[in-house]
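Participant: Provided herewith: target37.tsv, TSV, C-alpha atoms.
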```tsv
chain	number	residue	atom	x	y	z
A	1	MET	CA	0.00	0.00	0.00
A	2	LEU	CA	2.82	2.40	0.89
A	3	GLN	CA	4.66	1.61	-2.34
A	4	TYR	CA	1.50	2.20	-4.38
A	5	SER	CA	0.93	5.56	-2.63
A	6	LEU	CA	4.47	6.71	-3.36
A	7	LYS	CA	4.16	5.75	-7.02
A	8	LYS	CA	0.87	7.63	-7.24
A	9	GLU	CA	2.39	10.70	-5.59
A	10	ASN	CA	5.35	10.56	-7.96
A	11	LEU	CA	3.03	10.44	-10.98
A	12	ILE	CA	1.01	13.39	-9.70
A	13	LYS	CA	4.10	15.52	-9.16
A	14	THR	CA	5.87	14.63	-12.43
A	15	PRO	CA	4.53	17.72	-14.29
A	16	VAL	CA	6.06	19.92	-11.58
A	17	TYR	CA	9.55	18.58	-12.33
A	18	LEU	CA	8.97	19.35	-16.01
A	19	ILE	CA	8.02	22.91	-15.07
A	20	VAL	CA	11.09	23.25	-12.83
A	21	PHE	CA	13.25	22.02	-15.71
A	22	CYS	CA	11.68	24.52	-18.14
A	23	ALA	CA	12.07	27.43	-15.70
A	24	PHE	CA	15.76	26.80	-15.07
A	25	PHE	CA	16.41	25.75	-18.68
A	26	ASP	CA	15.20	29.23	-19.66
A	27	THR	CA	17.64	30.89	-17.23
A	28	HIS	CA	20.69	28.75	-18.04
A	29	ALA	CA	20.13	28.76	-21.80
A	30	GLN	CA	20.69	32.52	-21.82
A	31	MET	CA	24.13	32.28	-20.22
A	32	PRO	CA	26.14	31.89	-23.46
A	33	ILE	CA	24.03	34.26	-25.59
A	34	LEU	CA	22.83	37.14	-23.40
A	35	ALA	CA	26.10	39.11	-23.44
A	36	PRO	CA	26.69	38.86	-27.21
A	37	TYR	CA	23.02	39.60	-27.93
A	38	THR	CA	23.10	42.68	-25.69
A	39	LEU	CA	26.33	43.91	-27.29
A	40	SER	CA	24.79	43.42	-30.73
A	41	LEU	CA	22.16	46.01	-29.70
A	42	GLY	CA	24.91	48.56	-29.07
A	43	ALA	CA	25.31	48.17	-25.30
A	44	THR	CA	28.26	49.62	-23.43
A	45	PRO	CA	29.94	47.45	-20.75
A	46	PHE	CA	27.97	49.36	-18.11
A	47	LEU	CA	24.65	48.71	-19.84
A	48	LEU	CA	25.63	45.06	-20.28
A	49	GLY	CA	26.09	44.82	-16.50
A	50	LEU	CA	22.66	46.38	-15.93
A	51	VAL	CA	21.00	43.97	-18.36
A	52	ILE	CA	22.54	40.99	-16.57
A	53	GLY	CA	21.96	42.33	-13.05
A	54	PHE	CA	18.36	43.53	-13.45
A	55	TYR	CA	17.09	39.98	-13.84
A	56	SER	CA	18.49	38.92	-10.45
A	57	LEU	CA	17.39	42.18	-8.81
A	58	PHE	CA	13.74	41.85	-9.87
A	59	ASN	CA	13.88	38.10	-9.31
A	60	ILE	CA	14.28	38.92	-5.60
A	61	PHE	CA	11.02	40.91	-5.57
A	62	GLY	CA	9.28	38.17	-7.54
A	63	ASN	CA	10.47	35.51	-5.10
A	64	TYR	CA	8.91	37.18	-2.07
A	65	THR	CA	5.77	38.27	-3.90
A	66	GLY	CA	5.37	34.65	-5.00
A	67	GLY	CA	5.70	33.55	-1.38
A	68	ILE	CA	2.92	35.93	-0.30
A	69	LEU	CA	0.64	34.67	-3.08
A	70	ILE	CA	1.37	31.04	-2.18
A	71	ASP	CA	0.35	31.56	1.43
A	72	ALA	CA	-2.74	33.59	0.50
A	73	LYS	CA	-4.02	31.78	-2.61
A	74	GLY	CA	-2.10	28.50	-2.92
A	75	TRP	CA	0.74	27.66	-5.32
A	76	GLN	CA	-1.24	27.32	-8.59
A	77	GLN	CA	-1.84	31.04	-9.19
A	78	PRO	CA	1.81	32.16	-9.02
A	79	LEU	CA	2.85	29.05	-10.96
A	80	PHE	CA	0.52	29.82	-13.87
A	81	LEU	CA	1.27	33.56	-13.75
A	82	GLY	CA	5.01	32.90	-13.66
A	83	LEU	CA	4.93	30.58	-16.68
A	84	ALA	CA	2.76	32.94	-18.73
A	85	GLY	CA	4.73	36.06	-17.76
A	86	ALA	CA	8.13	34.46	-18.36
A	87	ALA	CA	6.99	33.22	-21.80
A	88	LEU	CA	5.82	36.73	-22.71
A	89	GLY	CA	9.12	38.17	-21.50
A	90	LEU	CA	11.07	35.79	-23.73
A	91	LEU	CA	9.03	36.88	-26.74
A	92	LEU	CA	9.74	40.53	-25.90
A	93	TYR	CA	13.50	39.88	-26.04
A	94	THR	CA	13.10	39.54	-29.82
A	95	ARG	CA	11.37	42.95	-30.04
A	96	ALA	CA	14.09	44.89	-28.19
A	97	GLU	CA	15.74	47.51	-30.37
A	98	SER	CA	18.29	48.74	-27.84
A	99	ALA	CA	19.96	47.76	-24.61
A	100	TYR	CA	17.58	50.09	-22.75
A	101	HIS	CA	14.62	48.10	-24.03
A	102	LEU	CA	16.37	44.92	-22.93
A	103	ILE	CA	16.83	46.27	-19.39
A	104	ILE	CA	13.06	46.73	-19.08
A	105	VAL	CA	12.38	43.28	-20.52
A	106	ARG	CA	14.90	41.68	-18.15
A	107	ALA	CA	13.25	43.36	-15.16
A	108	GLY	CA	9.83	41.98	-16.09
A	109	HIS	CA	11.22	38.56	-16.95
A	110	GLY	CA	13.10	38.40	-13.64
A	111	PHE	CA	10.00	39.30	-11.63
A	112	MET	CA	7.79	36.72	-13.35
A	113	GLY	CA	10.48	34.05	-13.06
A	114	GLY	CA	10.67	34.90	-9.37
A	115	LEU	CA	7.00	33.96	-8.96
A	116	LEU	CA	7.51	30.62	-10.65
A	117	VAL	CA	10.27	28.86	-8.72
A	118	PRO	CA	8.90	29.18	-5.13
A	119	ALA	CA	5.50	28.03	-6.43
A	120	ALA	CA	7.03	24.93	-8.04
A	121	LEU	CA	8.89	24.02	-4.86
A	122	SER	CA	5.80	24.68	-2.71
A	123	SER	CA	3.74	22.34	-4.87
A	124	LEU	CA	6.09	19.49	-3.96
A	125	THR	CA	5.31	19.94	-0.25
A	126	ASP	CA	1.57	20.48	-0.64
A	127	GLY	CA	-0.60	18.06	1.29
A	128	LYS	CA	0.32	15.09	3.50
A	129	ILE	CA	3.41	13.25	2.29
A	130	PHE	CA	5.59	10.49	3.66
A	131	ARG	CA	8.84	11.69	5.20
A	132	SER	CA	11.10	9.38	3.13
A	133	PHE	CA	9.43	10.52	-0.07
A	134	TYR	CA	9.67	14.16	1.02
A	135	ASN	CA	13.48	13.91	0.83
A	136	SER	CA	13.22	12.23	-2.58
A	137	ARG	CA	11.16	15.13	-3.91
A	138	LEU	CA	13.77	17.67	-2.82
A	139	ALA	CA	16.51	15.54	-4.37
A	140	LEU	CA	14.65	15.36	-7.69
A	141	PHE	CA	13.99	19.11	-7.52
A	142	GLY	CA	17.71	19.87	-7.20
A	143	SER	CA	18.70	17.28	-9.80
A	144	THR	CA	16.23	18.73	-12.28
A	145	ILE	CA	17.84	22.14	-11.85
A	146	GLY	CA	21.23	20.54	-12.47
A	147	LEU	CA	20.00	18.86	-15.65
A	148	ALA	CA	18.73	22.23	-16.93
A	149	ALA	CA	22.13	23.77	-16.14
A	150	VAL	CA	23.86	21.14	-18.30
A	151	THR	CA	21.52	21.14	-21.29
A	152	GLY	CA	20.40	24.79	-21.42
A	153	PRO	CA	23.68	26.44	-22.48
A	154	LEU	CA	24.39	23.62	-24.94
A	155	PHE	CA	21.01	24.09	-26.63
A	156	ALA	CA	21.33	27.87	-26.80
A	157	GLY	CA	24.88	27.81	-28.14
A	158	ILE	CA	24.04	25.40	-30.95
A	159	THR	CA	20.73	27.07	-31.85
A	160	ALA	CA	22.16	30.60	-31.88
A	161	GLY	CA	25.11	29.42	-33.96
A	162	TYR	CA	22.88	28.01	-36.70
A	163	LEU	CA	19.65	30.05	-36.49
A	164	GLY	CA	20.48	33.24	-34.60
A	165	PHE	CA	19.59	34.76	-31.23
A	166	HIS	CA	15.88	35.23	-31.92
A	167	ALA	CA	15.42	31.53	-32.63
A	168	VAL	CA	16.63	30.75	-29.10
A	169	TYR	CA	14.15	33.13	-27.49
A	170	TYR	CA	11.24	31.91	-29.62
A	171	SER	CA	12.12	28.31	-28.71
A	172	LEU	CA	12.32	29.09	-25.00
A	173	ALA	CA	8.98	30.93	-25.10
A	174	LEU	CA	7.38	27.95	-26.85
A	175	LEU	CA	8.85	25.63	-24.21
A	176	LEU	CA	7.33	27.66	-21.35
A	177	LEU	CA	3.98	27.96	-23.11
A	178	SER	CA	3.95	24.18	-23.55
A	179	ALA	CA	4.73	23.81	-19.83
A	180	LEU	CA	1.86	26.20	-19.06
A	181	ALA	CA	-0.53	24.11	-21.15
A	182	ILE	CA	0.56	20.95	-19.31
A	183	ALA	CA	0.20	22.70	-15.94
A	184	LEU	CA	-3.30	23.94	-16.75
A	185	LEU	CA	-4.27	20.47	-17.90
A	186	LEU	CA	-2.77	18.39	-15.09
A	187	LEU	CA	-2.32	20.71	-12.09
A	188	ARG	CA	-5.70	22.40	-11.84
A	189	LYS	CA	-6.60	20.78	-8.50
A	190	LYS	CA	-6.92	23.62	-6.05
A	191	SER	CA	-4.18	23.88	-3.42
A	192	SER	CA	-4.87	25.15	0.06
A	193	PRO	CA	-3.60	28.59	1.11
A	194	GLY	CA	-0.90	28.39	3.73
A	195	ARG	CA	-2.93	30.13	6.41
A	196	LYS	CA	-5.31	27.18	6.47
A	197	GLN	CA	-2.48	24.75	7.11
A	198	THR	CA	-1.21	25.97	10.43
A	199	SER	CA	0.54	23.65	12.81
A	200	PRO	CA	-1.17	22.58	16.02
A	201	GLY	CA	-1.09	25.38	18.56
A	202	ASN	CA	-0.59	28.14	15.97
A	203	ASN	CA	-4.19	28.56	14.78
A	204	ASN	CA	-5.23	31.15	17.36
A	205	ASP	CA	-2.14	33.33	17.42
A	206	LEU	CA	-0.69	33.58	13.92
A	207	PRO	CA	1.67	36.59	13.86
A	208	ASP	CA	1.90	39.18	11.10
A	209	ILE	CA	4.36	37.42	8.85
A	210	THR	CA	6.94	39.83	7.40
A	211	ILE	CA	10.45	39.37	6.09
A	212	LYS	CA	11.73	40.84	9.37
A	213	TRP	CA	9.70	38.32	11.39
A	214	ILE	CA	10.91	35.39	9.27
A	215	LEU	CA	14.50	36.54	9.77
A	216	THR	CA	14.02	36.35	13.55
A	217	ARG	CA	13.73	32.54	13.22
A	218	PRO	CA	17.36	31.57	13.98
A	219	LYS	CA	17.56	28.41	11.86
A	220	LEU	CA	15.87	30.05	8.89
A	221	ARG	CA	18.16	33.06	9.19
A	222	GLY	CA	21.11	30.68	9.19
A	223	THR	CA	19.77	28.95	6.08
A	224	PHE	CA	19.47	32.27	4.26
A	225	LEU	CA	23.09	33.05	5.15
A	226	PHE	CA	24.12	29.67	3.76
A	227	ALA	CA	22.18	30.50	0.58
A	228	LEU	CA	24.00	33.82	0.20
A	229	GLY	CA	27.38	32.09	0.53
A	230	THR	CA	26.50	29.17	-1.73
A	231	MET	CA	24.98	31.17	-4.57
A	232	GLY	CA	27.46	34.03	-4.24
A	233	SER	CA	30.30	31.59	-4.84
A	234	THR	CA	28.39	29.91	-7.68
A	235	GLY	CA	27.74	33.26	-9.38
A	236	THR	CA	31.42	34.11	-9.07
A	237	LEU	CA	32.38	30.72	-10.49
A	238	ALA	CA	30.09	31.22	-13.49
A	239	SER	CA	31.49	34.72	-14.10
A	240	PHE	CA	35.21	34.08	-13.73
A	241	LEU	CA	35.85	30.40	-14.47
A	242	PRO	CA	36.25	31.17	-18.22
A	243	GLU	CA	38.99	33.68	-17.30
A	244	ARG	CA	40.77	31.11	-15.15
A	245	ALA	CA	40.46	28.44	-17.84
A	246	GLU	CA	41.88	30.80	-20.47
A	247	LEU	CA	44.94	31.44	-18.29
A	248	LEU	CA	45.58	27.68	-18.36
A	249	GLY	CA	45.18	27.56	-22.13
A	250	LEU	CA	41.78	25.85	-22.27
A	251	ASP	CA	39.56	26.52	-25.30
A	252	HIS	CA	35.81	27.26	-25.15
A	253	ALA	CA	34.85	23.61	-25.57
A	254	ARG	CA	36.91	22.47	-22.59
A	255	THR	CA	35.70	25.43	-20.55
A	256	GLY	CA	32.15	24.28	-21.24
A	257	LEU	CA	33.17	20.81	-20.12
A	258	LEU	CA	34.33	22.29	-16.81
A	259	PHE	CA	30.83	23.63	-16.17
A	260	ALA	CA	29.31	20.32	-17.24
A	261	THR	CA	31.60	18.45	-14.83
A	262	PHE	CA	30.38	20.59	-11.92
A	263	ALA	CA	26.71	20.26	-12.92
A	264	ILE	CA	26.76	16.50	-13.53
A	265	THR	CA	28.56	15.90	-10.22
A	266	ALA	CA	25.92	18.00	-8.42
A	267	ILE	CA	23.13	15.99	-10.08
A	268	ILE	CA	24.65	12.67	-8.98
A	269	VAL	CA	25.17	13.91	-5.42
A	270	GLN	CA	21.58	15.11	-5.13
A	271	LEU	CA	20.21	11.84	-6.47
A	272	LEU	CA	22.27	10.04	-3.80
A	273	TRP	CA	21.11	12.41	-1.07
A	274	PRO	CA	17.89	10.70	0.18
A	275	GLY	CA	19.12	7.11	0.33
A	276	LEU	CA	22.82	7.50	1.15
A	277	LEU	CA	24.06	10.94	2.13
A	278	LYS	CA	21.19	12.21	4.29
A	279	PRO	CA	21.20	9.09	6.54
A	280	LEU	CA	25.00	9.38	6.77
A	281	LEU	CA	25.05	13.08	7.72
A	282	LYS	CA	21.94	12.81	9.96
A	283	LYS	CA	21.15	16.56	9.96
A	284	ASP	CA	20.47	19.06	7.17
A	285	LEU	CA	22.69	21.53	9.02
A	286	SER	CA	25.60	19.12	8.58
A	287	GLY	CA	24.91	19.10	4.84
A	288	CYS	CA	25.03	22.91	4.71
A	289	THR	CA	28.27	23.04	6.71
A	290	ILE	CA	30.10	20.30	4.85
A	291	GLY	CA	28.81	21.50	1.49
A	292	LEU	CA	30.01	25.08	2.01
A	293	ALA	CA	33.39	23.82	3.24
A	294	PHE	CA	33.74	21.82	0.00
A	295	LEU	CA	32.78	24.91	-2.03
A	296	CYS	CA	35.45	27.03	-0.35
A	297	ALA	CA	38.12	24.36	-0.85
A	298	ALA	CA	37.11	23.99	-4.51
A	299	LEU	CA	37.31	27.74	-5.14
A	300	ILE	CA	40.78	27.97	-3.61
A	301	LEU	CA	41.98	24.94	-5.58
A	302	ALA	CA	40.54	26.42	-8.79
A	303	ALA	CA	42.36	29.70	-8.15
A	304	LEU	CA	45.69	27.94	-7.49
A	305	ALA	CA	45.41	25.06	-9.98
A	306	PRO	CA	48.53	24.93	-12.21
A	307	SER	CA	46.97	22.47	-14.66
A	308	ALA	CA	43.71	21.60	-16.36
A	309	ALA	CA	43.55	18.30	-14.47
A	310	LEU	CA	43.46	20.07	-11.11
A	311	LEU	CA	40.89	22.53	-12.41
A	312	PHE	CA	38.63	19.62	-13.34
A	313	THR	CA	39.25	18.15	-9.87
A	314	ALA	CA	38.15	21.47	-8.37
A	315	MET	CA	34.92	21.29	-10.39
A	316	ILE	CA	34.20	17.80	-9.06
A	317	LEU	CA	34.72	19.06	-5.51
A	318	TYR	CA	32.51	22.05	-6.25
A	319	GLY	CA	29.76	19.79	-7.58
A	320	ILE	CA	29.90	17.67	-4.41
A	321	GLY	CA	29.77	20.76	-2.21
A	322	PHE	CA	26.93	22.38	-4.11
A	323	GLY	CA	24.81	19.21	-4.22
A	324	VAL	CA	25.15	18.56	-0.48
A	325	SER	CA	24.71	22.21	0.50
A	326	PHE	CA	21.66	22.79	-1.70
A	327	GLN	CA	19.85	19.74	-0.35
A	328	GLY	CA	20.74	20.70	3.21
A	329	MET	CA	19.35	24.21	2.70
A	330	LEU	CA	16.10	22.96	1.15
A	331	GLY	CA	15.64	20.53	4.02
A	332	MET	CA	16.22	23.23	6.64
A	333	VAL	CA	13.66	25.58	5.06
A	334	MET	CA	11.03	22.82	4.95
A	335	GLU	CA	11.76	21.65	8.50
A	336	ASN	CA	11.72	25.09	10.13
A	337	ALA	CA	8.94	26.90	8.28
A	338	ASP	CA	5.37	26.33	9.43
A	339	PRO	CA	2.97	25.50	6.56
A	340	ALA	CA	1.04	28.67	7.49
A	341	TRP	CA	3.89	30.82	6.18
A	342	ARG	CA	6.11	28.36	4.34
A	343	GLY	CA	5.47	30.09	1.01
A	344	ARG	CA	6.97	33.32	2.30
A	345	ALA	CA	9.90	31.46	3.85
A	346	ILE	CA	10.58	29.79	0.50
A	347	GLY	CA	10.28	33.21	-1.15
A	348	VAL	CA	12.86	34.72	1.21
A	349	PHE	CA	15.15	31.70	0.65
A	350	PHE	CA	15.11	32.17	-3.12
A	351	ALA	CA	15.49	35.94	-2.67
A	352	ALA	CA	18.71	35.26	-0.71
A	353	TYR	CA	19.64	32.80	-3.47
A	354	SER	CA	19.17	35.53	-6.13
A	355	LEU	CA	20.87	38.21	-4.01
A	356	GLY	CA	24.02	36.12	-3.72
A	357	VAL	CA	24.20	35.71	-7.50
A	358	ALA	CA	23.56	39.43	-8.06
A	359	VAL	CA	26.00	40.87	-5.51
A	360	MET	CA	28.99	38.55	-5.20
A	361	PRO	CA	30.37	38.54	-8.79
A	362	PRO	CA	30.61	42.37	-9.07
A	363	LEU	CA	32.02	42.60	-5.53
A	364	SER	CA	34.73	40.01	-6.15
A	365	GLY	CA	35.44	41.57	-9.55
A	366	LEU	CA	35.83	45.00	-7.95
A	367	VAL	CA	38.31	43.65	-5.41
A	368	TRP	CA	40.29	42.01	-8.23
A	369	GLN	CA	40.32	45.28	-10.20
A	370	TYR	CA	41.95	47.21	-7.36
A	371	VAL	CA	44.00	44.36	-5.84
A	372	PRO	CA	45.16	42.31	-8.86
A	373	PHE	CA	46.66	39.43	-6.87
A	374	ILE	CA	43.29	38.67	-5.19
A	375	PHE	CA	41.53	36.61	-7.84
A	376	PRO	CA	37.70	36.66	-7.45
A	377	PHE	CA	37.63	33.05	-6.24
A	378	TYR	CA	39.57	34.07	-3.11
A	379	THR	CA	37.12	36.85	-2.25
A	380	SER	CA	34.16	34.58	-2.84
A	381	ALA	CA	35.68	31.82	-0.70
A	382	ALA	CA	36.27	34.30	2.12
A	383	VAL	CA	32.66	35.52	2.00
A	384	ALA	CA	31.40	31.92	1.85
A	385	LEU	CA	33.44	31.10	4.97
A	386	LEU	CA	31.92	34.13	6.73
A	387	SER	CA	28.43	32.99	5.78
A	388	LEU	CA	29.29	29.48	7.00
A	389	GLY	CA	30.37	30.77	10.41
A	390	ALA	CA	27.47	33.22	10.74
A	391	GLY	CA	24.95	30.62	9.58
A	392	ASN	CA	26.14	28.02	12.07
A	393	LYS	CA	26.13	30.59	14.88
A	394	SER	CA	22.56	31.58	14.04
A	395	CYS	CA	21.40	27.95	13.92
A	396	SER	CA	22.93	27.23	17.31
A	397	ASN	CA	20.87	29.99	18.99
```
Just dump the structure as structure tokens.

Facilitator:
Amino acid sequence: MLQYSLKKENLIKTPVYLIVFCAFFDTHAQMPILAPYTLSLGATPFLLGLVIGFYSLFNIFGNYTGGILIDAKGWQQPLFLGLAGAALGLLLYTRAESAYHLIIVRAGHGFMGGLLVPAALSSLTDGKIFRSFYNSRLALFGSTIGLAAVTGPLFAGITAGYLGFHAVYYSLALLLLSALAIALLLLRKKSSPGRKQTSPGNNNDLPDITIKWILTRPKLRGTFLFALGTMGSTGTLASFLPERAELLGLDHARTGLLFATFAITAIIVQLLWPGLLKPLLKKDLSGCTIGLAFLCAALILAALAPSAALLFTAMILYGIGFGVSFQGMLGMVMENADPAWRGRAIGVFFAAYSLGVAVMPPLSGLVWQYVPFIFPFYTSAAVALLSLGAGNKSCSN
């Protein structure tokens, strides 16, 4: 009976993993083409930075707005709105006639994408689920993101090379519209608003849930600090790994293989998380701590690596660290957020996730500009270590 129930749950949630894949495929597919497309519209380096950064900035607002909607209306509304809005945004990329137009489009796309991801994650925790399967869902969620990270840039690079930039954006819009059609067809069952799912003892005295109030929860605050460190280092890696690879004489193909090595390792680790790694580490906090320690070691090794072989080794270590840390963070959010306000907690988590990506690369690049011997990986590793210490201190309170 238990096995049948798990299979049934898995079938019901399968469309959600497809939507998660499409959402992150959209984001990662733009990595190899966004800069050249923006420059082709006459952008200066400053405008290029704004185009790239505005997505993450407005993604933060979308994340928290999505959390509010999830708790008030259930996860379907922000899921459908996010898919439709992101698809429209992708179509508008093809209508941009200047970098200024693209900045506006990126802002709207980032906001709508911010609604989508917390809703998809919330749908996986909606209703009564078995604890062992709960961990499996989070593992599949993270692995699906990893798969999108591997395939998205490959698709975009090949498509843009043969058919041009617009073909990529039209294809991505069609993909999200197809996901929207599937969601409307298979995920129409109404979800319960978070306020109707309060834990025992919380029904009569539910506080006014704000970002400030959520940040007073020590373990959640620690998780958000872990997210800043993890995604800050990942954003820095994505921005400056090509520079490091070029210094070692690697061509674009082998640089792409470095990213694939990291992503595939992270996928494998997350698939192993429920059955092997989680029982071994016992606590999600241990996963966050060990994962961030691996990330810091990998960044330092990547900065010092005298050969391509050691750089690939660093990417394997980074994949291990990211996979363990990401699963640990997801588990901590789910464990420490009451269903009454879990949507907003997830929104704040992904806002911290986006903030790390938005802030850390320019900060580490600025340090490198003025202190040339401090490569960005060192700065990012130092900040990740600070977030590790601060996160652990917060969780121990």

Participant: CA of Leu88 (chain A) and CA of Leu154 (chain A), how far apart in Å?

Facilitator: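 We find that CA of Leu154 (chain A) and CA of Leu88 (chain A) lie 22.8 Å from each other.
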
Participant: Could you work out how far CA of Asp71 (chain A) lies from CA of Gln270 (chain A), giving the answer in Å with one decimal?

Facilitator: 27.6 Å

Participant: Neighbouring residues of Ala345 (chain A) were defined as those with any atom within 8 Å, considering only C-alpha atoms; residues of the same chain fewer than 3 positions away were excluded. Please report them as a PyMOL selection string.

Facilitator: chain A and resi 67+214+220+333+337+341-342+348-349

Participant: If we count all atoms listed in the file and set the cut-off at 10 Å, which residues sit around Ile104 (chain A), ignoring sequence neighbours fewer than 2 positions away in its own chain? Please answer as a list in words.

Facilitator: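 Listed by chain and then number, they are Val51, Phe54, Tyr55, Gly89, Leu92, Tyr93, Ala96, Ala99, Tyr100, His101, Leu102, Arg106, Ala107, Gly108, His109 and Gly110 of chain A.
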
Participant: Could you write out the selected residues, including C-alpha atoms, as an mmCIF file, in the frame of the given file?

Facilitator:
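Result written to selection_23.cif:
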```cif
data_model
loop_
_atom_site.group_PDB
_atom_site.id
_atom_site.type_symbol
_atom_site.label_atom_id
_atom_site.label_comp_id
_atom_site.auth_asym_id
_atom_site.auth_seq_id
_atom_site.Cartn_x
_atom_site.Cartn_y
_atom_site.Cartn_z
ATOM 1 C CA VAL A 51 21.000 43.970 -18.360
ATOM 2 C CA PHE A 54 18.360 43.530 -13.450
ATOM 3 C CA TYR A 55 17.090 39.980 -13.840
ATOM 4 C CA GLY A 89 9.120 38.170 -21.500
ATOM 5 C CA LEU A 92 9.740 40.530 -25.900
ATOM 6 C CA TYR A 93 13.500 39.880 -26.040
ATOM 7 C CA ALA A 96 14.090 44.890 -28.190
ATOM 8 C CA ALA A 99 19.960 47.760 -24.610
ATOM 9 C CA TYR A 100 17.580 50.090 -22.750
ATOM 10 C CA HIS A 101 14.620 48.100 -24.030
ATOM 11 C CA LEU A 102 16.370 44.920 -22.930
ATOM 12 C CA ARG A 106 14.900 41.680 -18.150
ATOM 13 C CA ALA A 107 13.250 43.360 -15.160
ATOM 14 C CA GLY A 108 9.830 41.980 -16.090
ATOM 15 C CA HIS A 109 11.220 38.560 -16.950
ATOM 16 C CA GLY A 110 13.100 38.400 -13.640
#
```

Participant: With all atoms listed in the file as the counted atoms, please give the residues lying no more than 7 Å from region 297-307 of chain A, apart from itself and same-chain residues fewer than 6 positions off, as a count of residues only.

Facilitator: 9

Participant: Enter the distance from CA of Ala119 (chain A) to CA of Leu147 (chain A), in Å, rounded to one decimal.

Facilitator: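 Taking CA of Ala119 (chain A) as the start and CA of Leu147 (chain A) as the end point, the length is 19.5 Å.
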
Participant: Select, counting all atoms listed in the file, all protein, DNA and RNA residues no farther than 10 Å from (26.9, 24.1, 0.4) in file coordinates, and express the selection as a ChimeraX atom specification.

Facilitator: /A:226-227,229-231,233,285-296,318-329,384,388

Participant: Next, dump the selected residues to file, keeping only C-alpha atoms, as a compact mmCIF listing (two decimals), in the frame of the given file.

Facilitator:
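Output file selection.txt is given in full below:
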```
# COMPACT_ATOMS: atom_id res chain seq x y z
CA PHE A 226 24.12 29.67 3.76
CA ALA A 227 22.18 30.50 0.58
CA GLY A 229 27.38 32.09 0.53
CA THR A 230 26.50 29.17 -1.73
CA MET A 231 24.98 31.17 -4.57
CA SER A 233 30.30 31.59 -4.84
CA LEU A 285 22.69 21.53 9.02
CA SER A 286 25.60 19.12 8.58
CA GLY A 287 24.91 19.10 4.84
CA CYS A 288 25.03 22.91 4.71
CA THR A 289 28.27 23.04 6.71
CA ILE A 290 30.10 20.30 4.85
CA GLY A 291 28.81 21.50 1.49
CA LEU A 292 30.01 25.08 2.01
CA ALA A 293 33.39 23.82 3.24
CA PHE A 294 33.74 21.82 0.00
CA LEU A 295 32.78 24.91 -2.03
CA CYS A 296 35.45 27.03 -0.35
CA TYR A 318 32.51 22.05 -6.25
CA GLY A 319 29.76 19.79 -7.58
CA ILE A 320 29.90 17.67 -4.41
CA GLY A 321 29.77 20.76 -2.21
CA PHE A 322 26.93 22.38 -4.11
CA GLY A 323 24.81 19.21 -4.22
CA VAL A 324 25.15 18.56 -0.48
CA SER A 325 24.71 22.21 0.50
CA PHE A 326 21.66 22.79 -1.70
CA GLN A 327 19.85 19.74 -0.35
CA GLY A 328 20.74 20.70 3.21
CA MET A 329 19.35 24.21 2.70
CA ALA A 384 31.40 31.92 1.85
CA LEU A 388 29.29 29.48 7.00
```

Participant: Which protein, DNA or RNA residues are at most 10 Å from (26.3, 46.9, -20.1) in the file's coordinates when you count all atoms listed in the file, listed as a list in words?

Facilitator: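 Nearby residues: Ala35, Thr38, Leu39, Gly42, Ala43, Thr44, Pro45, Phe46, Leu47, Leu48, Gly49, Leu50, Val51, Ile52, Gly53, Ala99, Tyr100 and Ile103 of chain A.
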
Participant: Point out the residue among A:Thr313, A:Asn59, A:Leu386, A:Ser122 with the least atom-to-atom distance to Phe141 (chain A), counting only C-alpha atoms.

Facilitator: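 The shortest atom-to-atom distance to Phe141 (chain A) comes from A:Ser122.
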